[in-house]
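Pasting structure-v5.pdb here (PDB, C-alpha atoms):
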ATOM      1  CA  MET A 119      17.880 -16.174  21.815  1.00  0.00           C
ATOM      2  CA  LYS A 120      20.971 -14.779  20.112  1.00  0.00           C
ATOM      3  CA  SER A 121      20.810 -17.629  17.589  1.00  0.00           C
ATOM      4  CA  GLN A 122      17.161 -16.865  16.751  1.00  0.00           C
ATOM      5  CA  PHE A 123      18.000 -13.183  16.253  1.00  0.00           C
ATOM      6  CA  SER A 124      20.852 -14.139  13.903  1.00  0.00           C
ATOM      7  CA  HIS A 125      18.502 -16.341  11.872  1.00  0.00           C
ATOM      8  CA  VAL A 126      15.910 -13.563  11.610  1.00  0.00           C
ATOM      9  CA  VAL A 127      18.558 -11.059  10.453  1.00  0.00           C
ATOM     10  CA  LEU A 128      19.942 -13.571   7.944  1.00  0.00           C
ATOM     11  CA  ILE A 129      16.482 -14.335   6.518  1.00  0.00           C
ATOM     12  CA  ALA A 130      15.635 -10.628   6.324  1.00  0.00           C
ATOM     13  CA  GLY A 131      18.924  -9.959   4.524  1.00  0.00           C
ATOM     14  CA  LEU A 132      18.348 -12.755   2.019  1.00  0.00           C
ATOM     15  CA  THR A 133      14.798 -11.541   1.405  1.00  0.00           C
ATOM     16  CA  LEU A 134      16.062  -8.017   0.754  1.00  0.00           C
ATOM     17  CA  PHE A 135      18.784  -9.342  -1.579  1.00  0.00           C
ATOM     18  CA  GLY A 136      16.199 -11.408  -3.472  1.00  0.00           C
ATOM     19  CA  SER A 137      13.889  -8.432  -3.934  1.00  0.00           C
ATOM     20  CA  LEU A 138      16.748  -6.240  -5.161  1.00  0.00           C
ATOM     21  CA  SER A 139      17.703  -8.893  -7.693  1.00  0.00           C
ATOM     22  CA  LEU A 140      14.115  -9.148  -8.891  1.00  0.00           C
ATOM     23  CA  ASN A 141      13.818  -5.369  -9.287  1.00  0.00           C
ATOM     24  CA  ALA A 142      17.042  -5.270 -11.260  1.00  0.00           C
ATOM     25  CA  GLN A 143      15.499  -7.711 -13.750  1.00  0.00           C
ATOM     26  CA  THR A 144      12.368  -5.587 -14.237  1.00  0.00           C
ATOM     27  CA  LYS A 145      14.078  -2.265 -14.966  1.00  0.00           C
ATOM     28  CA  ALA A 146      14.197  -0.924 -18.509  1.00  0.00           C
ATOM     29  CA  GLY A 147      14.946   2.308 -20.308  1.00  0.00           C
ATOM     30  CA  ALA A 148      13.170   4.177 -23.090  1.00  0.00           C
ATOM     31  CA  THR A 149      13.678   7.310 -25.155  1.00  0.00           C
ATOM     32  CA  VAL A 150      10.324   9.016 -25.647  1.00  0.00           C
ATOM     33  CA  PRO A 151      10.512  11.600 -28.473  1.00  0.00           C
ATOM     34  CA  PHE A 152       7.374  13.567 -27.532  1.00  0.00           C
ATOM     35  CA  ILE A 153       5.576  15.191 -24.595  1.00  0.00           C
ATOM     36  CA  PHE A 154       3.260  12.792 -22.775  1.00  0.00           C
ATOM     37  CA  GLN A 155       1.162  12.407 -19.647  1.00  0.00           C
ATOM     38  CA  ALA A 156       0.955   9.657 -17.055  1.00  0.00           C
ATOM     39  CA  ASN A 157      -1.281   9.859 -13.981  1.00  0.00           C
ATOM     40  CA  HIS A 158      -2.033  13.566 -14.612  1.00  0.00           C
ATOM     41  CA  TYR A 159       1.677  14.501 -14.746  1.00  0.00           C
ATOM     42  CA  ALA A 160       3.270  15.945 -17.877  1.00  0.00           C
ATOM     43  CA  PHE A 161       6.631  14.608 -19.041  1.00  0.00           C
ATOM     44  CA  SER A 162       9.038  16.118 -21.575  1.00  0.00           C
ATOM     45  CA  PRO A 163      10.640  14.253 -24.447  1.00  0.00           C
ATOM     46  CA  GLY A 164      13.719  12.432 -23.212  1.00  0.00           C
ATOM     47  CA  ASP A 165      15.228   9.348 -21.624  1.00  0.00           C
ATOM     48  CA  TYR A 166      13.290   7.441 -18.970  1.00  0.00           C
ATOM     49  CA  THR A 167      13.673   4.412 -16.763  1.00  0.00           C
ATOM     50  CA  LEU A 168      10.747   2.199 -15.924  1.00  0.00           C
ATOM     51  CA  GLU A 169      10.967  -0.181 -12.997  1.00  0.00           C
ATOM     52  CA  GLN A 170       8.388  -2.591 -11.667  1.00  0.00           C
ATOM     53  CA  ALA A 171       7.686  -1.607  -8.061  1.00  0.00           C
ATOM     54  CA  GLY A 172       8.023  -5.182  -6.794  1.00  0.00           C
ATOM     55  CA  ALA A 173       6.868  -8.744  -7.161  1.00  0.00           C
ATOM     56  CA  ASN A 174       4.106  -8.210  -4.605  1.00  0.00           C
ATOM     57  CA  THR A 175       2.629  -5.270  -6.538  1.00  0.00           C
ATOM     58  CA  PRO A 176       2.204  -6.374 -10.150  1.00  0.00           C
ATOM     59  CA  GLY A 177       1.042  -3.557 -12.368  1.00  0.00           C
ATOM     60  CA  ARG A 178       2.759  -0.850 -10.304  1.00  0.00           C
ATOM     61  CA  PHE A 179       5.673   0.870 -12.008  1.00  0.00           C
ATOM     62  CA  GLN A 180       8.036   3.704 -11.176  1.00  0.00           C
ATOM     63  CA  LEU A 181       8.657   6.009 -14.133  1.00  0.00           C
ATOM     64  CA  THR A 182      11.712   8.268 -13.801  1.00  0.00           C
ATOM     65  CA  GLU A 183      12.918  11.026 -16.118  1.00  0.00           C
ATOM     66  CA  LYS A 184      16.706  10.574 -16.234  1.00  0.00           C
ATOM     67  CA  SER A 185      17.647  14.236 -16.784  1.00  0.00           C
ATOM     68  CA  THR A 186      15.599  15.670 -13.907  1.00  0.00           C
ATOM     69  CA  GLY A 187      15.091  12.690 -11.613  1.00  0.00           C
ATOM     70  CA  HIS A 188      11.335  13.472 -11.660  1.00  0.00           C
ATOM     71  CA  SER A 189       9.609  10.232 -10.763  1.00  0.00           C
ATOM     72  CA  ILE A 190       6.066   8.969 -10.256  1.00  0.00           C
ATOM     73  CA  PHE A 191       4.392   5.664  -9.574  1.00  0.00           C
ATOM     74  CA  VAL A 192       2.007   4.509 -12.279  1.00  0.00           C
ATOM     75  CA  THR A 193      -0.510   1.795 -11.511  1.00  0.00           C
ATOM     76  CA  ILE A 194      -1.681  -0.194 -14.509  1.00  0.00           C
ATOM     77  CA  PRO A 195      -3.726  -2.996 -12.980  1.00  0.00           C
ATOM     78  CA  ILE A 196      -5.036  -4.780 -16.055  1.00  0.00           C
ATOM     79  CA  PRO A 197      -2.626  -7.463 -17.286  1.00  0.00           C
ATOM     80  CA  LYS A 198      -3.287  -9.041 -20.672  1.00  0.00           C
ATOM     81  CA  ASP A 199      -1.479 -11.963 -22.269  1.00  0.00           C
ATOM     82  CA  LYS A 200       0.915 -11.202 -25.110  1.00  0.00           C
ATOM     83  CA  LYS A 201       3.595 -12.939 -27.082  1.00  0.00           C
ATOM     84  CA  ASN A 202       6.874 -13.166 -25.215  1.00  0.00           C
ATOM     85  CA  TYR A 203       8.940 -10.500 -26.923  1.00  0.00           C
ATOM     86  CA  GLU A 204      12.571 -10.086 -25.888  1.00  0.00           C
ATOM     87  CA  GLU A 205      12.186  -6.328 -25.999  1.00  0.00           C
ATOM     88  CA  GLY A 206       9.377  -4.597 -24.180  1.00  0.00           C
ATOM     89  CA  HIS A 207       7.639  -1.395 -25.154  1.00  0.00           C
ATOM     90  CA  LEU A 208       5.567   1.484 -23.883  1.00  0.00           C
ATOM     91  CA  THR A 209       2.384   2.251 -25.811  1.00  0.00           C
ATOM     92  CA  PHE A 210       0.908   5.748 -25.859  1.00  0.00           C
ATOM     93  CA  ALA A 211      -2.585   6.797 -26.890  1.00  0.00           C
ATOM     94  CA  CYS A 212      -2.196   9.995 -28.938  1.00  0.00           C
ATOM     95  CA  ASN A 213      -4.935  12.339 -30.116  1.00  0.00           C
ATOM     96  CA  ASP A 214      -4.350  15.719 -31.723  1.00  0.00           C
ATOM     97  CA  GLY A 215      -0.813  15.999 -30.334  1.00  0.00           C
ATOM     98  CA  ASP A 216      -1.709  14.886 -26.787  1.00  0.00           C
ATOM     99  CA  CYS A 217      -0.171  11.558 -25.755  1.00  0.00           C
ATOM    100  CA  VAL A 218      -0.919   9.469 -22.661  1.00  0.00           C
ATOM    101  CA  LEU A 219       0.833   6.341 -21.395  1.00  0.00           C
ATOM    102  CA  ALA A 220      -1.604   3.526 -22.166  1.00  0.00           C
ATOM    103  CA  GLN A 221       0.299   0.211 -21.913  1.00  0.00           C
ATOM    104  CA  VAL A 222       3.511  -1.256 -20.533  1.00  0.00           C
ATOM    105  CA  ALA A 223       5.067  -4.473 -21.837  1.00  0.00           C
ATOM    106  CA  LEU A 224       8.241  -5.356 -19.928  1.00  0.00           C
ATOM    107  CA  PRO A 225      11.138  -7.085 -21.696  1.00  0.00           C
ATOM    108  CA  ASN A 226      11.043 -10.901 -21.494  1.00  0.00           C
ATOM    109  CA  SER A 227       7.500 -10.946 -20.124  1.00  0.00           C
ATOM    110  CA  ASN A 228       4.333 -12.533 -21.442  1.00  0.00           C
ATOM    111  CA  LEU A 229       2.073  -9.778 -20.060  1.00  0.00           C
ATOM    112  CA  VAL A 230       1.018  -6.345 -21.233  1.00  0.00           C
ATOM    113  CA  TYR A 231      -0.298  -3.993 -18.545  1.00  0.00           C
ATOM    114  CA  ALA A 232      -3.033  -1.789 -20.022  1.00  0.00           C
ATOM    115  CA  ARG A 233      -4.739   1.246 -18.472  1.00  0.00           C
ATOM    116  CA  SER A 234      -8.497   1.426 -18.840  1.00  0.00           C
ATOM    117  CA  ASP A 235      -9.973   3.751 -21.460  1.00  0.00           C
ATOM    118  CA  SER A 236     -11.563   5.846 -18.713  1.00  0.00           C
ATOM    119  CA  SER A 237      -8.214   6.473 -16.963  1.00  0.00           C
ATOM    120  CA  ILE A 238      -6.646   7.452 -20.294  1.00  0.00           C
ATOM    121  CA  GLU A 239      -9.573   9.804 -21.000  1.00  0.00           C
ATOM    122  CA  LYS A 240      -9.112  11.425 -17.572  1.00  0.00           C
ATOM    123  CA  ASP A 241      -5.460  12.132 -18.435  1.00  0.00           C
ATOM    124  CA  MET A 242      -6.569  13.644 -21.747  1.00  0.00           C
ATOM    125  CA  ASP A 243      -9.537  15.503 -20.197  1.00  0.00           C
ATOM    126  CA  ARG A 244     -11.763  14.516 -23.128  1.00  0.00           C
ATOM    127  CA  LYS A 245     -13.059  11.537 -25.080  1.00  0.00           C
ATOM    128  CA  LEU A 246     -10.494   9.643 -27.094  1.00  0.00           C
ATOM    129  CA  GLY A 247     -12.377   9.508 -30.375  1.00  0.00           C
ATOM    130  CA  MET A 248      -9.941   8.751 -33.171  1.00  0.00           C
ATOM    131  CA  THR A 249      -6.665   7.823 -31.504  1.00  0.00           C
ATOM    132  CA  ALA A 250      -3.301   6.668 -32.745  1.00  0.00           C
ATOM    133  CA  MET A 251      -1.374   4.129 -30.688  1.00  0.00           C
ATOM    134  CA  VAL A 252       2.390   4.744 -30.642  1.00  0.00           C
ATOM    135  CA  ASN A 253       4.947   2.175 -29.387  1.00  0.00           C
ATOM    136  CA  VAL A 254       8.287   3.181 -27.853  1.00  0.00           C
ATOM    137  CA  LYS A 255      10.860   0.399 -27.477  1.00  0.00           C
ATOM    138  CA  LEU A 256      12.175  -0.436 -23.973  1.00  0.00           C
ATOM    139  CA  THR A 257      15.821  -1.376 -23.614  1.00  0.00           C
ATOM    140  CA  LYS A 258      17.575  -3.228 -20.817  1.00  0.00           C
TER     141      LYS A 258
END

As structure tokens:
Amino acid sequence: MKSQFSHVVLIAGLTLFGSLSLNAQTKAGATVPFIFQANHYAFSPGDYTLEQAGANTPGRFQLTEKSTGHSIFVTIPIPKDKKNYEEGHLTFACNDGDCVLAQVALPNSNLVYARSDSSIEKDMDRKLGMTAMVNVKLTK
């Protein structure tokens, strides 16, 4: 019985270590030079970290403002294929000075996670109309 317990603890520990290693690989930083919204929350210009919430929840990211520690989870469930760029980026939909997080492309990944137009419109509280797409580089 003691041996089984030891095996369970060892497996749980290795699983935890593996998930921490995976999360460390999917964490990136970005400097966003403008005010933006994500999931109905407003963020100031500044430095941010973006971390994938886990291997079991693709498309779920934690966005943290470094200066304040303000953090939210952003779900972007629509993965699209992309070229495998070494550096990732955040893409914002901007209209008349209002910017909303629209896409996430993690470094060394072949996927871009894109929010639907309707979820972007809800963050903007109006139709997109003529919109500029702005990329912000992610760093490791």

- request: Name the residues captured by the PyMOL selection byres ((chain A and resi 177) around 7) when it is applied to the shown file; answer as a VMD selection string.
  value: chain A and resid 175 to 176 178 to 179 193 to 195 231

field: Minimum-distance residue to A:Asp165, chosen among A:Asp199, A:Glu205, A:Asp241, A:Glu183 (using only C-alpha atoms)
entry: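 Between A:Asp199, A:Glu205, A:Asp241, A:Glu183, the residue approaching A:Asp165 most closely is A:Glu183.
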
task: Could you give me, as number ranges by chain, the residues that have an atom at most 10 Å away from the point (13.2, 8.0, -15.0) in the coordinates of the file, using all atoms listed in the file?
output: A: 146-148, 164-169, 180-190

message: Using only C-alpha atoms, can you tell me which of A:Gln221, A:Thr144, A:Thr209, A:Asn157 comes closest to A:Arg233?
response: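 Closest to A:Arg233 of all the choices is A:Gln221.
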
query: Just so the selection is clear, what residues does the PyMOL selection byres ((chain A and resi 219) around 6) cover here, as an MDAnalysis selection string?
result: chainID A and resid 156 210 218 220

query: Nearest to A:Glu239: which of A:Val150, A:Cys217, A:Met251, A:Leu224 is it, counting all atoms listed in the file?
result: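 Smallest separation from A:Glu239 among the options: A:Cys217.
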
field: Computed interatomic separation between atom CA of A:Ala223 and atom CA of A:Gln155 (Å)
entry: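 Atom CA of A:Gln155 lies 17.5 Å from atom CA of A:Ala223.
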
- prompt: What separation in Å, quoted to one decimal, exists between atom CA of A:Ala232 and atom CA of A:Ala171?
  reply: 16.1 Å

message: Between atom CA of A:Thr149 and atom CA of A:Pro163, what is the distance in Å, rounded to a tenth?
response: 7.6 Å

- prompt: Could you spell out the hits of the PyMOL selection byres ((chain A and resi 206) around 10) on the shown file, as number ranges by chain?
  reply: A: 146-148, 202-205, 207-209, 222-230, 253-258

Kindly compute an axis-aligned box around the listed atoms of stretch 187-195 of chain A, allowing 8 Å on each side, and express its centre and edge lengths in Å to one decimal as lines of an AutoDock Vina configuration file.
center_x = 5.7
center_y = 5.2
center_z = -12.0
size_x = 34.8
size_y = 32.5
size_z = 20.9

task: Just the residues within 10 Å of A:His158, please, counting only C-alpha atoms, with nothing from its chain fewer than 4 positions along; format it as a ChimeraX atom specification.
output: /A:154,218,237-238,240-243

message: From the options A:Lys145, A:Asp216, A:Asp235, A:Pro197, which residue's atoms come nearest to A:Gly172, counting all atoms listed in the file?
response: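 Counting all atoms listed in the file, the residue closest to A:Gly172 is A:Lys145.
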
query: Nearest to A:Ser234: which of A:Phe191, A:Ile196, A:Ala160, A:Gly215 is it, counting only C-alpha atoms?
result: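 Of A:Phe191, A:Ile196, A:Ala160, A:Gly215, the one nearest A:Ser234 is A:Ile196, counting only C-alpha atoms.
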